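Enquirer: Questions regarding the structure given below will be posed in turn.
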Amino acid sequence: MKSLPAPVAVPANSKRLLALVVGGALLFSILWFAAPQESAVVEPVGRPLAKAGSAATASRDGVSFAARAAAKVGNDLFSSHSWYIAPPPPPPSPPQAPVAPSAPPLPYTFLGSYVKSGDKPVYFLVRGDRVFDVRPGDTLENTYAVGNASRGQLQLTYLPLKQDQWLSVGSPQ
């Protein structure tokens with residue numbers, strides 16, 4: 001007679017694995033048999049589906065969904081459509097306070113000056129290709145009044161606005 005084989009030592013990890021597999025199979029079988037059985041026959045619930053354009057599919061305003069969808073799509077089913085909505089225009093900017101008028105920049109450049117002993121100095125001013133010889137108190141082209149020179153600056157008054165402007169005439173005398 002043969003003797004029974006000696007018991008084989010099974011590692012602890014494989015015992016855990018075996019317990020997990022058996023437990024999972026048991027849980028699966030319980031869920032399988034305890035789950036409610038669904039009927040193989042499908043029965044309609046509620047009202048039957050209506051054909052497009054029938055009174056049953058009309059919305060509250062009397063237009064069916066199919067008619068509204070066809071109106072949106074138009075004749076071309078595959079045309080591109082955009083979901084972009086343009087942002088509202090920015091609010092109008094507040095009105096600007098009116099700017100006080102000012103004199104235009106001086107059109108003259110200083111060319112030189114001459115002082116005759118005991119007389120008023122003469123200043124030579126250039127505008128374009130014209131040379132003007134002016135003294136304090138003169139009027140230039142009915143637009144500028146020539147004032148006195150001080151600290152190397154000649155005072156010119158823009159007559160329409162009565163605004164003073166200064167033209168550099170070199171070092172103070």
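Ordering of the structure tokens sets the chain letters (A, B, ...); residue numbers start at 1 within each chain; ligands are numbered from 1 in the order shown.
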Name the residues in contact with Val126 in chain A at a cut-off of 6 Å, using only C-alpha atoms, excluding same-chain residues fewer than 4 positions from it; report them as a list in words.
Expert: Tyr108, Thr109, Arg130 and Val131 of chain A
Enquirer: My list of candidates is A:Ser102, A:Phe124, A:Pro95, A:Ala34. Which is closest to Gln163 in chain A when distances are computed with only C-alpha atoms?
Expert: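 Nearest to Gln163 in chain A: A:Ser102.
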Enquirer: Contacts of Thr139 in chain A at 12 Å or less, counting only C-alpha atoms, minus same-chain residues fewer than 6 places along, as a list in words?
Expert: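 Here the answer would be Phe132, Asp133, Ala145, Val146, Gly147, Gln155, Leu156, Thr157, Tyr158 and Leu159 of chain A.
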Enquirer: Emit the selected residues as a PDB file, in the first residue's frame, including N, CA and C atoms.
Expert:
ATOM      1  N   PHE A 132      12.058 139.507 -41.490  1.00  0.00           N
ATOM      2  CA  PHE A 132      11.366 140.661 -40.915  1.00  0.00           C
ATOM      3  C   PHE A 132      12.316 141.346 -39.944  1.00  0.00           C
ATOM      4  N   ASP A 133      12.411 142.683 -40.025  1.00  0.00           N
ATOM      5  CA  ASP A 133      13.161 143.439 -39.024  1.00  0.00           C
ATOM      6  C   ASP A 133      12.126 144.144 -38.152  1.00  0.00           C
ATOM      7  N   ALA A 145       2.108 140.865 -31.955  1.00  0.00           N
ATOM      8  CA  ALA A 145       2.641 142.136 -31.466  1.00  0.00           C
ATOM      9  C   ALA A 145       3.983 141.850 -30.820  1.00  0.00           C
ATOM     10  N   VAL A 146       4.993 142.644 -31.132  1.00  0.00           N
ATOM     11  CA  VAL A 146       6.334 142.435 -30.596  1.00  0.00           C
ATOM     12  C   VAL A 146       6.445 143.211 -29.292  1.00  0.00           C
ATOM     13  N   GLY A 147       6.874 142.502 -28.244  1.00  0.00           N
ATOM     14  CA  GLY A 147       7.056 143.127 -26.937  1.00  0.00           C
ATOM     15  C   GLY A 147       8.529 143.320 -26.661  1.00  0.00           C
ATOM     16  N   GLN A 155       9.321 138.702 -26.372  1.00  0.00           N
ATOM     17  CA  GLN A 155       7.893 138.467 -26.156  1.00  0.00           C
ATOM     18  C   GLN A 155       7.130 138.787 -27.432  1.00  0.00           C
ATOM     19  N   LEU A 156       6.339 137.802 -27.893  1.00  0.00           N
ATOM     20  CA  LEU A 156       5.433 137.993 -29.021  1.00  0.00           C
ATOM     21  C   LEU A 156       4.030 137.659 -28.538  1.00  0.00           C
ATOM     22  N   THR A 157       3.076 138.563 -28.781  1.00  0.00           N
ATOM     23  CA  THR A 157       1.697 138.352 -28.328  1.00  0.00           C
ATOM     24  C   THR A 157       0.851 137.981 -29.534  1.00  0.00           C
ATOM     25  N   TYR A 158       0.181 136.816 -29.441  1.00  0.00           N
ATOM     26  CA  TYR A 158      -0.729 136.372 -30.498  1.00  0.00           C
ATOM     27  C   TYR A 158      -2.015 137.182 -30.326  1.00  0.00           C
ATOM     28  N   LEU A 159      -2.283 138.072 -31.267  1.00  0.00           N
ATOM     29  CA  LEU A 159      -3.355 139.053 -31.114  1.00  0.00           C
ATOM     30  C   LEU A 159      -4.772 138.473 -31.075  1.00  0.00           C
TER      31      LEU A 159
END
Enquirer: Taking 3 positions as the minimum chain separation for residues in the same chain, which residues sit within 10 Å of range 104-107 of chain A when counting only C-alpha atoms? Answer as a PyMOL selection string.
Expert: chain A and resi 101+125-128+144+156+158+165-167
Enquirer: Between CA of Ser168 in chain A and CA of Tyr123 in chain A, what is the distance in Å, rounded to a tenth?
Expert: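 Answer for the CA of Ser168 in chain A to CA of Tyr123 in chain A separation: 11.2 Å.
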Enquirer: Mind pulling up the distance from CA of Gly170 in chain A to CA of Gln153 in chain A?
Expert: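 Result for CA of Gln153 in chain A versus CA of Gly170 in chain A: 7.4 Å, one decimal.
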Enquirer: For a test of reading the model, state the distance in Å between CA of Arg151 in chain A and CA of Asp119 in chain A, rounded to one decimal.
Expert: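 Between these atoms lies a distance of 19.1 Å.
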